[in-house]
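Source file start-v1.txt; content: compact mmCIF, C-alpha atoms.
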# COMPACT_ATOMS: atom_id res chain seq x y z
CA MET A 1 66.74 79.02 77.01
CA SER A 2 64.45 81.89 78.03
CA ASN A 3 62.79 79.66 80.67
CA ILE A 4 66.08 78.89 82.44
CA TYR A 5 67.08 80.98 85.43
CA TYR A 6 69.12 80.56 88.61
CA PRO A 7 68.38 82.32 91.92
CA LEU A 8 71.34 84.20 93.36
CA ASP A 9 73.07 82.44 96.23
CA ASN A 10 73.07 84.06 99.66
CA ALA A 11 76.47 85.75 99.24
CA ALA A 12 75.82 86.82 95.65
CA LYS A 13 72.87 88.94 96.77
CA ILE A 14 75.21 91.07 98.90
CA TYR A 15 77.69 91.60 96.06
CA THR A 16 75.00 92.73 93.62
CA ALA A 17 73.48 95.08 96.21
CA ALA A 18 76.83 96.63 97.14
CA MET A 19 77.99 97.48 93.60
CA ASN A 20 77.65 100.90 92.03
CA LYS A 21 78.09 102.42 88.56
CA LYS A 22 81.89 102.61 88.84
CA TRP A 23 82.67 99.58 91.00
CA ASN A 24 81.78 95.98 91.59
CA SER A 25 83.59 93.23 93.47
CA VAL A 26 85.99 91.53 91.06
CA PHE A 27 88.85 89.11 91.73
CA ASN A 28 90.98 86.97 89.47
CA VAL A 29 92.89 83.69 89.33
CA SER A 30 95.74 83.05 86.90
CA VAL A 31 97.90 80.20 85.69
CA TYR A 32 101.40 80.57 84.26
CA LEU A 33 102.06 77.91 81.63
CA LYS A 34 105.35 76.63 80.26
CA ILE A 35 103.98 77.09 76.73
CA LYS A 36 102.89 80.24 74.90
CA VAL A 37 99.13 80.87 74.81
CA ASN A 38 97.35 80.56 71.45
CA PRO A 39 94.38 83.00 71.61
CA ALA A 40 92.30 81.10 69.03
CA LEU A 41 92.53 77.84 70.99
CA LEU A 42 91.79 79.65 74.25
CA LYS A 43 88.62 81.19 72.77
CA LEU A 44 87.49 77.76 71.59
CA ALA A 45 88.14 76.24 75.03
CA VAL A 46 86.11 79.01 76.72
CA ARG A 47 83.13 78.36 74.43
CA GLU A 48 83.29 74.61 74.92
CA LEU A 49 83.02 74.92 78.71
CA ALA A 50 79.70 76.80 78.66
CA PRO A 51 77.46 73.69 79.06
CA ARG A 52 79.64 72.36 81.90
CA PHE A 53 79.50 75.61 83.93
CA PRO A 54 75.95 76.88 83.31
CA THR A 55 75.81 79.15 86.38
CA PHE A 56 79.06 80.84 85.31
CA TYR A 57 77.89 81.68 81.79
CA THR A 58 75.09 83.90 83.03
CA GLN A 59 74.08 87.54 83.24
CA LEU A 60 72.11 89.30 85.97
CA HIS A 61 68.42 89.98 85.44
CA LYS A 62 66.69 92.44 87.75
CA GLY A 63 63.41 91.22 89.18
CA PHE A 64 60.80 92.99 91.33
CA PHE A 65 61.54 90.94 94.46
CA TRP A 66 64.99 89.46 93.75
CA ASP A 67 67.63 89.58 91.04
CA TYR A 68 68.39 86.27 89.36
CA LEU A 69 70.73 84.81 86.74
CA ILE A 70 69.79 84.05 83.15
CA PRO A 71 71.94 82.28 80.51
CA ALA A 72 74.34 84.53 78.61
CA THR A 73 74.45 84.16 74.83
CA ASP A 74 77.62 86.01 73.84
CA PHE A 75 80.77 84.11 74.82
CA ASP A 76 83.23 86.51 73.17
CA ILE A 77 84.98 87.22 76.49
CA VAL A 78 88.62 86.43 75.69
CA SER A 79 91.07 89.28 75.17
CA GLU A 80 94.72 90.20 75.65
CA ALA A 81 95.58 91.43 79.14
CA THR A 82 96.40 95.09 78.51
CA ASP A 83 94.22 96.90 81.04
CA TYR A 84 93.95 97.28 84.79
CA PRO A 85 93.41 93.91 86.52
CA CYS A 86 89.99 93.31 88.05
CA ARG A 87 88.36 96.32 86.42
CA PRO A 88 84.54 96.42 86.74
CA ILE A 89 82.53 93.81 84.84
CA ALA A 90 79.29 94.69 83.08
CA VAL A 91 76.46 93.50 85.34
CA GLY A 92 72.75 93.64 84.46
CA GLN A 93 73.47 94.70 80.89
CA GLY A 94 74.51 93.05 77.66
CA LYS A 95 74.57 89.38 76.72
CA LYS A 96 78.03 88.40 77.95
CA PRO A 97 78.60 86.45 81.17
CA MET A 98 79.88 88.19 84.29
CA PHE A 99 83.45 87.02 83.93
CA ARG A 100 86.25 87.48 81.41
CA VAL A 101 89.31 85.50 80.31
CA LEU A 102 92.59 87.27 79.59
CA TYR A 103 95.90 86.08 78.17
CA SER A 104 99.45 87.40 77.84
CA ASP A 105 102.39 85.39 76.57
CA ASN A 106 102.20 82.24 78.77
CA LYS A 107 99.55 83.43 81.24
CA ILE A 108 95.79 82.73 81.37
CA THR A 109 93.63 84.76 83.75
CA ALA A 110 89.95 84.41 84.65
CA GLU A 111 88.36 87.47 86.29
CA PHE A 112 85.00 87.09 88.03
CA PHE A 113 82.32 89.33 89.45
CA HIS A 114 82.00 87.82 92.91
CA SER A 115 78.28 87.03 92.53
CA VAL A 116 79.26 84.29 90.06
CA THR A 117 81.56 82.29 92.33
CA ASP A 118 84.22 82.37 95.03
CA GLY A 119 87.91 81.49 94.92
CA THR A 120 87.38 77.73 95.07
CA GLY A 121 84.87 77.76 92.21
CA ALA A 122 87.15 80.05 90.19
CA ILE A 123 90.12 77.69 90.61
CA THR A 124 87.98 74.74 89.45
CA TYR A 125 86.98 76.69 86.34
CA LEU A 126 90.56 77.78 85.60
CA LYS A 127 91.91 74.24 86.01
CA THR A 128 89.24 72.84 83.70
CA LEU A 129 89.78 75.62 81.15
CA THR A 130 93.53 75.08 81.22
CA ALA A 131 93.12 71.32 80.80
CA ARG A 132 90.83 71.79 77.81
CA TYR A 133 93.21 74.35 76.30
CA ILE A 134 96.13 71.91 76.62
CA GLU A 135 94.04 69.20 74.95
CA LEU A 136 93.21 71.50 72.04
CA ALA A 137 96.95 72.22 71.79
CA GLY A 138 97.63 68.48 71.43
CA GLY A 139 97.97 67.22 75.00
CA THR A 140 96.01 64.55 76.86
CA ILE A 141 94.69 65.34 80.35
CA GLU A 142 92.85 63.02 82.76
CA LYS A 143 89.63 64.31 84.29
CA THR A 144 90.83 63.92 87.86
CA ASN A 145 92.10 66.12 90.72
CA GLY A 146 89.29 68.62 90.33
CA VAL A 147 89.43 68.95 86.53
CA LEU A 148 85.87 68.53 85.26
CA ASP A 149 84.93 66.68 82.08
CA PRO A 150 83.38 69.12 79.56
CA ASN A 151 81.48 66.21 77.99
CA GLU A 152 79.62 65.45 81.20
CA PRO A 153 76.47 67.37 82.16
CA ALA A 154 76.58 69.85 85.03
CA GLN A 155 75.57 68.28 88.33
CA SER A 156 72.76 69.72 90.46
CA ASN A 157 74.99 69.86 93.56
CA GLU A 158 77.50 71.99 91.63
CA MET A 159 74.80 74.59 90.88
CA ALA A 160 73.23 74.61 94.36
CA ASP A 161 73.04 77.49 96.81
CA ALA A 162 74.82 75.50 99.51
CA PHE A 163 74.09 78.14 102.17
CA GLN A 164 70.43 77.10 102.14
CA GLY A 165 71.32 73.47 102.75
CA VAL A 166 73.18 74.13 106.00
CA TYR A 167 70.75 76.65 107.48
CA LYS A 168 69.53 75.84 110.98
CA LYS A 169 67.03 77.93 112.86
CA SER A 170 68.74 79.33 115.93
CA LYS A 171 68.89 82.33 118.20
CA ARG A 172 69.83 85.48 116.30
CA GLN A 173 73.36 86.75 116.74
CA SER A 174 74.26 90.36 117.28
CA ARG A 175 76.22 91.93 114.45
CA ASN A 176 77.78 94.43 116.82
CA GLU A 177 81.52 94.26 116.38
CA LYS A 178 84.22 96.77 117.18
CA ASN A 179 85.47 98.76 114.21
CA ALA A 180 88.98 98.01 113.02
CA TYR A 181 92.00 100.21 112.47
CA GLN A 182 91.82 101.60 108.94
CA TYR A 183 94.97 102.19 106.93
CA LYS A 184 94.10 105.33 104.95
CA PRO A 185 96.88 106.47 102.61
CA LYS A 186 96.10 108.58 99.58
CA ARG A 187 94.09 106.55 97.07
CA GLU A 188 95.22 106.99 93.48
CA LYS A 189 92.69 107.31 90.69
CA ASN A 190 92.90 104.85 87.82
CA PHE A 191 95.68 102.93 89.52
CA LEU A 192 96.50 99.47 90.83
CA LYS A 193 99.80 98.29 92.24
CA THR A 194 100.57 94.59 92.67
CA THR A 195 103.51 93.01 94.45
CA ASN A 196 103.92 89.29 93.82
CA ILE A 197 106.11 87.28 96.17
CA ILE A 198 107.10 83.68 95.42
CA LEU A 199 107.74 81.54 98.50
CA PRO A 200 108.94 77.92 98.81
CA ILE A 201 106.13 75.87 100.33
CA ASP A 202 108.41 73.35 102.01
CA LYS A 203 110.24 76.12 103.91
CA LEU A 204 106.92 77.80 104.78
CA LYS A 205 105.56 74.58 106.26
CA GLU A 206 108.77 73.92 108.16
CA ASN A 207 108.82 77.41 109.69
CA ALA A 208 105.12 77.41 110.52
CA LYS A 209 105.23 74.02 112.21
CA GLU A 210 108.65 74.03 113.86
CA LYS A 211 108.85 77.67 114.99
CA TYR A 212 105.21 78.48 115.77
CA GLY A 213 103.17 75.25 115.76
CA CYS A 214 100.72 76.73 113.28
CA THR A 215 99.38 76.28 109.76
CA VAL A 216 100.70 78.13 106.71
CA THR A 217 97.54 80.27 106.63
CA GLU A 218 97.95 81.23 110.29
CA TYR A 219 101.64 81.90 109.71
CA LEU A 220 101.17 84.21 106.71
CA ALA A 221 98.13 85.95 108.20
CA GLY A 222 100.25 86.65 111.30
CA ILE A 223 103.05 88.13 109.19
CA TYR A 224 100.52 90.20 107.24
CA ALA A 225 98.89 91.47 110.44
CA TYR A 226 102.31 92.43 111.76
CA ALA A 227 102.86 94.69 108.72
CA PHE A 228 99.78 96.69 109.73
CA VAL A 229 100.85 96.72 113.39
CA GLN A 230 104.19 98.23 112.38
CA GLN A 231 102.47 100.75 110.13
CA TYR A 232 100.04 101.63 112.92
CA LYS A 233 102.86 102.30 115.38
CA SER A 234 104.69 104.52 112.88
CA TYR A 235 101.63 106.58 111.97
CA GLU A 236 101.17 109.86 113.82
CA ASN A 237 97.42 110.11 113.23
CA ARG A 238 96.58 106.53 114.22
CA GLN A 239 93.23 105.71 115.78
CA PRO A 240 94.01 104.75 119.41
CA GLY A 241 92.40 101.65 120.84
CA LEU A 242 91.31 100.15 117.53
CA PRO A 243 92.59 96.68 116.72
CA VAL A 244 94.18 95.53 113.49
CA LYS A 245 91.81 92.98 111.98
CA ILE A 246 92.61 90.67 109.10
CA SER A 247 89.56 89.26 107.33
CA VAL A 248 90.17 85.61 106.42
CA PRO A 249 87.74 83.74 104.14
CA VAL A 250 86.84 80.21 105.23
CA ASN A 251 85.90 77.71 102.54
CA LEU A 252 82.83 75.90 103.88
CA ARG A 253 82.88 72.99 101.42
CA PRO A 254 85.05 70.65 103.54
CA TYR A 255 82.82 71.24 106.59
CA TYR A 256 79.62 70.30 104.75
CA ASN A 257 80.93 67.98 102.04
CA SER A 258 79.66 70.35 99.36
CA LYS A 259 80.51 70.23 95.65
CA THR A 260 78.97 73.59 94.77
CA LEU A 261 80.81 75.80 92.29
CA ARG A 262 79.00 78.89 93.48
CA ASN A 263 79.81 81.04 96.52
CA PHE A 264 80.19 78.97 99.68
CA ALA A 265 82.51 80.72 102.09
CA THR A 266 82.23 82.83 105.20
CA PHE A 267 84.69 85.25 106.78
CA VAL A 268 86.34 85.57 110.19
CA ASN A 269 87.88 88.85 111.34
CA VAL A 270 91.09 87.97 113.15
CA CYS A 271 91.89 90.63 115.73
CA VAL A 272 95.25 91.75 117.16
CA TYR A 273 95.82 94.78 119.39
CA PRO A 274 98.97 96.69 118.40
CA ASN A 275 99.84 97.63 122.01
CA LYS A 276 100.12 93.91 122.84
CA ILE A 277 102.27 93.05 119.81
CA HIS A 278 105.99 93.61 120.34
CA SER A 279 107.43 91.16 117.82
CA LEU A 280 106.56 89.09 114.78
CA ALA A 281 106.21 86.03 117.02
CA ASP A 282 103.62 87.89 119.13
CA SER A 283 101.59 88.63 116.00
CA ILE A 284 101.73 85.08 114.63
CA ASN A 285 100.80 83.55 117.98
CA ALA A 286 97.92 86.00 118.47
CA VAL A 287 96.57 85.24 114.99
CA LYS A 288 96.91 81.50 115.56
CA LYS A 289 94.96 81.72 118.82
CA GLU A 290 92.24 83.91 117.30
CA MET A 291 91.76 81.77 114.20
CA ARG A 292 91.38 78.61 116.25
CA LEU A 293 88.75 80.28 118.39
CA LEU A 294 86.82 81.64 115.41
CA ILE A 295 87.06 78.73 112.98
CA GLN A 296 84.92 76.17 114.78
CA MET A 297 81.98 74.28 113.30
CA LYS A 298 79.41 75.70 115.73
CA LYS A 299 80.50 79.28 115.17
CA LEU A 300 80.63 78.93 111.40
CA GLN A 301 77.16 77.33 111.47
CA LYS A 302 75.74 80.25 113.45
CA THR A 303 77.22 82.81 111.08
CA VAL A 304 75.82 81.11 107.98
CA SER A 305 72.44 80.55 109.62
CA GLN A 306 72.25 84.20 110.64
CA ASN A 307 72.80 85.33 107.05
CA VAL A 308 70.24 82.91 105.63
CA ALA A 309 67.72 83.70 108.40
CA GLU A 310 67.67 87.35 107.35
CA GLU A 311 66.94 86.29 103.79
CA LYS A 312 64.07 84.08 104.97
CA MET A 313 62.33 86.74 107.05
CA LEU A 314 58.81 87.56 105.84
CA ILE A 315 59.56 91.27 105.57
CA THR A 316 62.58 90.44 103.40
CA LYS A 317 60.55 88.18 101.12
CA ILE A 318 57.77 90.69 100.46
CA ALA A 319 59.90 93.86 100.29
CA PRO A 320 60.62 95.12 96.76
CA ASN A 321 64.10 94.49 95.39
CA ILE A 322 65.07 98.16 95.37
CA LEU A 323 64.39 98.46 99.12
CA LYS A 324 66.25 95.22 99.93
CA LYS A 325 69.28 96.46 98.02
CA LEU A 326 69.39 99.72 99.96
CA VAL A 327 69.39 97.79 103.24
CA MET A 328 72.03 95.31 102.04
CA LYS A 329 74.26 98.09 100.69
CA PHE A 330 74.09 99.81 104.08
CA CYS A 331 74.94 96.55 105.87
CA PHE A 332 77.84 95.88 103.48
CA HIS A 333 79.48 99.16 104.43
CA GLU A 334 78.54 99.29 108.12
CA PHE A 335 79.14 95.63 108.99
CA GLY A 336 81.64 94.81 106.26
CA GLU A 337 84.81 96.69 105.44
CA LYS A 338 84.73 98.99 108.46
CA LYS A 339 85.06 95.90 110.66
CA TYR A 340 88.41 94.82 109.26
CA THR A 341 91.72 96.37 108.22
CA SER A 342 92.50 94.22 105.20
CA PRO A 343 91.59 90.81 103.72
CA PHE A 344 93.99 87.89 103.47
CA SER A 345 92.73 85.03 101.30
CA ASN A 346 94.68 81.77 100.99
CA LEU A 347 93.18 79.71 98.16
CA GLY A 348 95.34 76.80 99.25
CA PHE A 349 97.28 74.25 97.23
CA VAL A 350 96.10 73.68 93.65
CA ASP A 351 96.22 70.03 92.64
CA VAL A 352 96.02 68.95 88.99
CA PRO A 353 96.22 65.64 87.10
CA GLU A 354 99.70 64.16 86.72
CA THR A 355 99.72 64.71 82.93
CA MET A 356 98.90 68.41 83.42
CA ARG A 357 101.73 69.24 85.82
CA PRO A 358 104.55 69.50 83.22
CA TYR A 359 102.66 72.32 81.49
CA ILE A 360 102.26 74.53 84.59
CA ASP A 361 104.73 76.78 86.37
CA ARG A 362 102.50 78.38 89.03
CA PHE A 363 99.12 79.87 89.92
CA GLU A 364 98.35 83.40 91.10
CA SER A 365 95.38 85.43 92.39
CA VAL A 366 94.56 89.14 92.79
CA ILE A 367 91.81 90.86 94.79
CA GLY A 368 90.50 93.93 93.01
CA GLU A 369 89.70 97.37 94.40
CA THR A 370 87.09 97.76 97.15
CA PRO A 371 85.28 100.97 98.20
CA PHE A 372 86.76 101.31 101.69
CA ASN A 373 90.01 99.37 102.18
CA CYS A 374 93.19 100.17 100.24
CA VAL A 375 95.36 97.02 100.47
CA TYR A 376 94.48 93.36 99.82
CA CYS A 377 96.40 90.08 99.93
CA THR A 378 95.96 86.62 98.38
CA ALA A 379 97.97 83.40 98.31
CA VAL A 380 97.77 80.27 96.16
CA GLY A 381 100.15 77.32 95.90
CA PHE A 382 101.29 74.87 93.24
CA GLY A 383 104.21 72.45 93.33
CA ASN A 384 106.68 74.01 95.75
CA LYS A 385 105.70 77.61 94.92
CA LEU A 386 103.31 79.72 96.96
CA SER A 387 102.41 82.89 95.10
CA VAL A 388 101.47 85.73 97.48
CA THR A 389 100.10 88.91 95.88
CA VAL A 390 99.60 92.22 97.68
CA SER A 391 97.43 94.58 95.61
CA SER A 392 96.70 98.19 96.50
CA VAL A 393 95.23 101.43 95.20
CA THR A 394 97.94 103.62 96.70
CA LYS A 395 101.52 104.42 95.72
CA GLU A 396 102.45 104.36 99.42
CA ASN A 397 104.30 101.08 99.99
CA SER A 398 104.87 100.73 103.74
CA ILE A 399 102.65 97.63 104.09
CA GLU A 400 104.48 95.81 101.30
CA LYS A 401 107.86 96.83 102.79
CA TYR A 402 107.00 95.65 106.32
CA PHE A 403 105.51 92.43 104.96
CA ILE A 404 108.51 91.61 102.77
CA ASP A 405 111.02 92.56 105.49
CA SER A 406 109.38 90.07 107.88
CA ILE A 407 109.38 87.34 105.24
CA LYS A 408 113.08 87.99 104.54
CA ALA A 409 113.83 87.87 108.26
CA GLU A 410 112.15 84.45 108.35
CA GLY A 411 114.41 83.28 105.53
CA ILE A 412 111.64 82.13 103.18
CA ILE A 413 111.66 84.50 100.20
CA SER A 414 112.35 83.33 96.64
CA GLY A 415 111.44 86.22 94.33
CA ILE A 416 109.51 89.51 94.08
CA LYS A 417 107.77 91.12 91.12
CA ASN A 418 106.17 94.58 91.20
CA ALA A 419 103.70 96.03 88.72
CA GLU A 420 101.75 99.26 88.47
CA LYS A 421 98.88 99.61 86.02
CA GLN A 422 96.38 102.25 85.08
CA LYS A 423 92.77 101.26 84.67
CA LYS A 424 89.90 101.96 82.36
CA ASN A 425 86.76 102.91 84.24
CA THR A 426 84.49 101.26 81.69
CA ALA A 427 82.99 97.90 82.59
CA ALA A 428 83.44 95.08 80.12

Hey, can you dump this file as structure tokens for me?
Amino acid sequence: MSNIYYPLDNAAKIYTAAMNKKWNSVFNVSVYLKIKVNPALLKLAVRELAPRFPTFYTQLHKGFFWDYLIPATDFDIVSEATDYPCRPIAVGQGKKPMFRVLYSDNKITAEFFHSVTDGTGAITYLKTLTARYIELAGGTIEKTNGVLDPNEPAQSNEMADAFQGVYKKSKRQSRNEKNAYQYKPKREKNFLKTTNIILPIDKLKENAKEKYGCTVTEYLAGIYAYAFVQQYKSYENRQPGLPVKISVPVNLRPYYNSKTLRNFATFVNVCVYPNKIHSLADSINAVKKEMRLLIQMKKLQKTVSQNVAEEKMLITKIAPNILKKLVMKFCFHEFGEKKYTSPFSNLGFVDVPETMRPYIDRFESVIGETPFNCVYCTAVGFGNKLSVTVSSVTKENSIEKYFIDSIKAEGIISGIKNAEKQKKNTAA
């Protein structure tokens, strides 16, 4: 085992460089079952999946030139969900992997340090874990619809750094981009607020297509952007001239036919200028237009190639790790969060085997705290339920109010659940 190691993928290197002693990038995905969770069976299922997800069950090892992943040996990572969601995960220390599994009543949650995987990889793990748990509880689940077979060996294309495979040498792009409007309410210490909104997918699709001629992602991103436009216009100390920008992750797997379970996404910053937005329809149409301009194969290719090209530069290869991390940390802050107002991540529709569907009510996802932005939004669908979660580190609730008011005005809301939790600053 000591001879096994995995290089970090291109995106993972940024997340490890950007972290600090009190924070690292953590997100979660959850499934709500129609049966109560048995912790003993869940712990067994987590252990049994280790050979099938070898790059997940790893810990960070710090090298002179680059960090890399080594196999973890302590799989005692299951606990009851009693603490702050998405609290920091121990990275570069201990023998546990850089993710945890939580349970409460009928809910199973997997929380990941972002260097391990992205939302698509996390959903694949959660589906496979849930399927194995149901089997241990007496059910029978087919290994189809993205549920992996724990008895099969991990495939090389699942463990690949897919960014390297699509790199093409091209003219360097400028990273100059206008800063975005920043919503800056008072941040609360040891605090996370989540607002979960359940929406009917059939009504969402009908509204998006019939009223605006757009996709569900464009539709919701437009509504979310409009919440910030309204907040901007009501704020006395707003920054004039700066656009509202919503950062939307783009899963690259469909574009390159990739099966990787590691990070393989890029981001587009969708820009709307508040002085040009006079209604919700204006916001949705502006977002639709922007997304269709930004999400094109050639543009995505250039963005990925630019990131990989910087990694391949001679100076980058020979520079010591500590120097590379300083540069990447600077770039993360200067060319990352300052360039957008808030992220909106739609993980899409989760499909599972037919025999698994009767056990599941819905899926959910939460983006954890980041150093600069204060509010974050995710969406994930199952059956006819789309679960949209707005998480924030402030008790100020204007974004949630504007967002929900627009959804109500569109006639598509089913239910709302609010939660506020304190956090423990210790990583685990």

Rounded to one decimal in Å, what is the spacing between atom CA of A:Ser342 and atom CA of A:Ser365?
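Separation between atom CA of A:Ser342 and atom CA of A:Ser365: 15.8 Å.
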
Given only C-alpha atoms as the basis, pick out the residue of A:Val116, A:Ala379, A:Leu261, A:Ala409 nearest to A:Ala160.
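For A:Ala160, the nearest of the candidates is A:Leu261.
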
For a quick check of understanding, using only C-alpha atoms, which of A:Lys329, A:Val287, A:Thr120, A:Ser398 has the smallest distance to A:Lys233?
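Ranked by minimum distance to A:Lys233, first place goes to A:Ser398.
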
Surrounding residues of A:Val147 excluding itself and chain neighbours under 4 positions, 6 Å, all atoms listed in the file, as a list of chain:residue names:
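What passes the distance filter is A:Lys127, A:Thr128, A:Lys143.
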
Output the selection as an mmCIF file, keeping the file's coordinate frame - C-alpha atoms for each residue.
data_model
loop_
_atom_site.group_PDB
_atom_site.id
_atom_site.type_symbol
_atom_site.label_atom_id
_atom_site.label_comp_id
_atom_site.auth_asym_id
_atom_site.auth_seq_id
_atom_site.Cartn_x
_atom_site.Cartn_y
_atom_site.Cartn_z
ATOM 1 C CA LYS A 127 91.910 74.240 86.010
ATOM 2 C CA THR A 128 89.240 72.840 83.700
ATOM 3 C CA LYS A 143 89.630 64.310 84.290
#

Using only C-alpha atoms, which protein or nucleic acid residues come within 10 Å of A:Lys205? Drop anything in the same chain fewer than 5 positions from it, and give the result as a list in words.
Pro200, Glu210, Lys211, Gly213, Cys214, Thr215, Val216, Thr217 and Tyr219 of chain A

When you count only C-alpha atoms, which of these residues is closest to A:Ser392: A:Phe372, A:Tyr359, A:Tyr57, A:Phe75?
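For A:Ser392, the nearest of the candidates is A:Phe372.
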
For A:Lys259, list every protein, DNA or RNA residue within 9 Å, evaluated using only C-alpha atoms, and leave out those in the same chain fewer than 4 positions away; present the list as a ChimeraX atom specification.
/A:157-160,162,253

How would the residues just picked look written out with C-alpha atoms as a CSV table (one decimal), keeping the file's coordinate frame?
chain,number,residue,atom,x,y,z
A,157,ASN,CA,75.0,69.9,93.6
A,158,GLU,CA,77.5,72.0,91.6
A,159,MET,CA,74.8,74.6,90.9
A,160,ALA,CA,73.2,74.6,94.4
A,162,ALA,CA,74.8,75.5,99.5
A,253,ARG,CA,82.9,73.0,101.4

Measuring between only C-alpha atoms, which one of A:Gly165, A:Pro54, A:Pro243, A:Pro85 shows the shortest distance to A:Tyr183?
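Under the stated criterion, the closest residue is A:Pro243.
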
Could you check how far atom CA of A:Arg100 sits from atom CA of A:Pro7, in Å to one decimal?
21.4 Å

When you count only C-alpha atoms, which of these residues is closest to A:Met356: A:Met328, A:Tyr232, A:Phe382, A:Lys408?
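Of A:Met328, A:Tyr232, A:Phe382, A:Lys408, the one nearest A:Met356 is A:Phe382, counting only C-alpha atoms.
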
For the interface of stretch 59-177 of chain A with stretch 8-22 of chain A (cut-off 6 Å, counting all atoms listed in the file), please tabulate each contacting residue of stretch 59-177 of chain A alongside its nearest pair of atoms and their separation in Å to one decimal, rows sorted by chain and increasing number, as a tab-separated table.
residue	atom	partner	partner_atom	distance
A:Tyr68	CA	A:Leu8	CA	5.4
A:Ser115	CA	A:Ala12	CA	4.0
A:Asp161	CA	A:Asp9	CA	5.0

From the set A:Asp74, A:Glu337, A:Asp149, A:Asp282, which residue has the shortest atom-to-atom contact distance to A:Ser247, counting only C-alpha atoms?
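Result for the nearest residue to A:Ser247: A:Glu337.
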
In Å and to one decimal, atom CA of A:Leu386 is distant from atom CA of A:Glu410 by 15.2 Å

Leaving out A:Val352 and any residue of its chain fewer than 4 positions from it, which residues lie within 7 Å of it when counting all atoms listed in the file, given as a PDB file with C-alpha atoms, in the frame of the given file?
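Writing done, so here's around12.pdb:
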ATOM      1  CA  ASN A 145      92.100  66.120  90.720  1.00  0.00           C
ATOM      2  CA  GLY A 146      89.290  68.620  90.330  1.00  0.00           C
ATOM      3  CA  MET A 356      98.900  68.410  83.420  1.00  0.00           C
ATOM      4  CA  ARG A 357     101.730  69.240  85.820  1.00  0.00           C
TER       5      ARG A 357
END

With stretch 29-38 of chain A as the partner and 12 Å as the cut-off, tabulate the residues of stretch 59-83 of chain A that qualify, each row holding the nearest pair of atoms and their distance in Å to one decimal, using all atoms listed in the file, sorted by chain and rising number, as JSON lines.
{"residue": "A:Val78", "atom": "CA", "partner": "A:Asn38", "partner_atom": "CA", "distance": 11.3}
{"residue": "A:Ser79", "atom": "CA", "partner": "A:Asn38", "partner_atom": "CA", "distance": 11.4}
{"residue": "A:Glu80", "atom": "CA", "partner": "A:Val37", "partner_atom": "CA", "distance": 10.4}
{"residue": "A:Ala81", "atom": "CA", "partner": "A:Ser30", "partner_atom": "CA", "distance": 11.4}

What's the 9 Å shell around A:Thr55, counting only C-alpha atoms, without same-chain residues fewer than 6 positions away, as a PyMOL selection string?
chain A and resi 5-6+69-71+116-117+159+261-262

Using all atoms listed in the file, collect all residues at a distance of at most 10 Å from (98.3, 69.2, 78.6) as written in the file, then present them as a ChimeraX atom specification.
/A:33,35,130-142,353-360
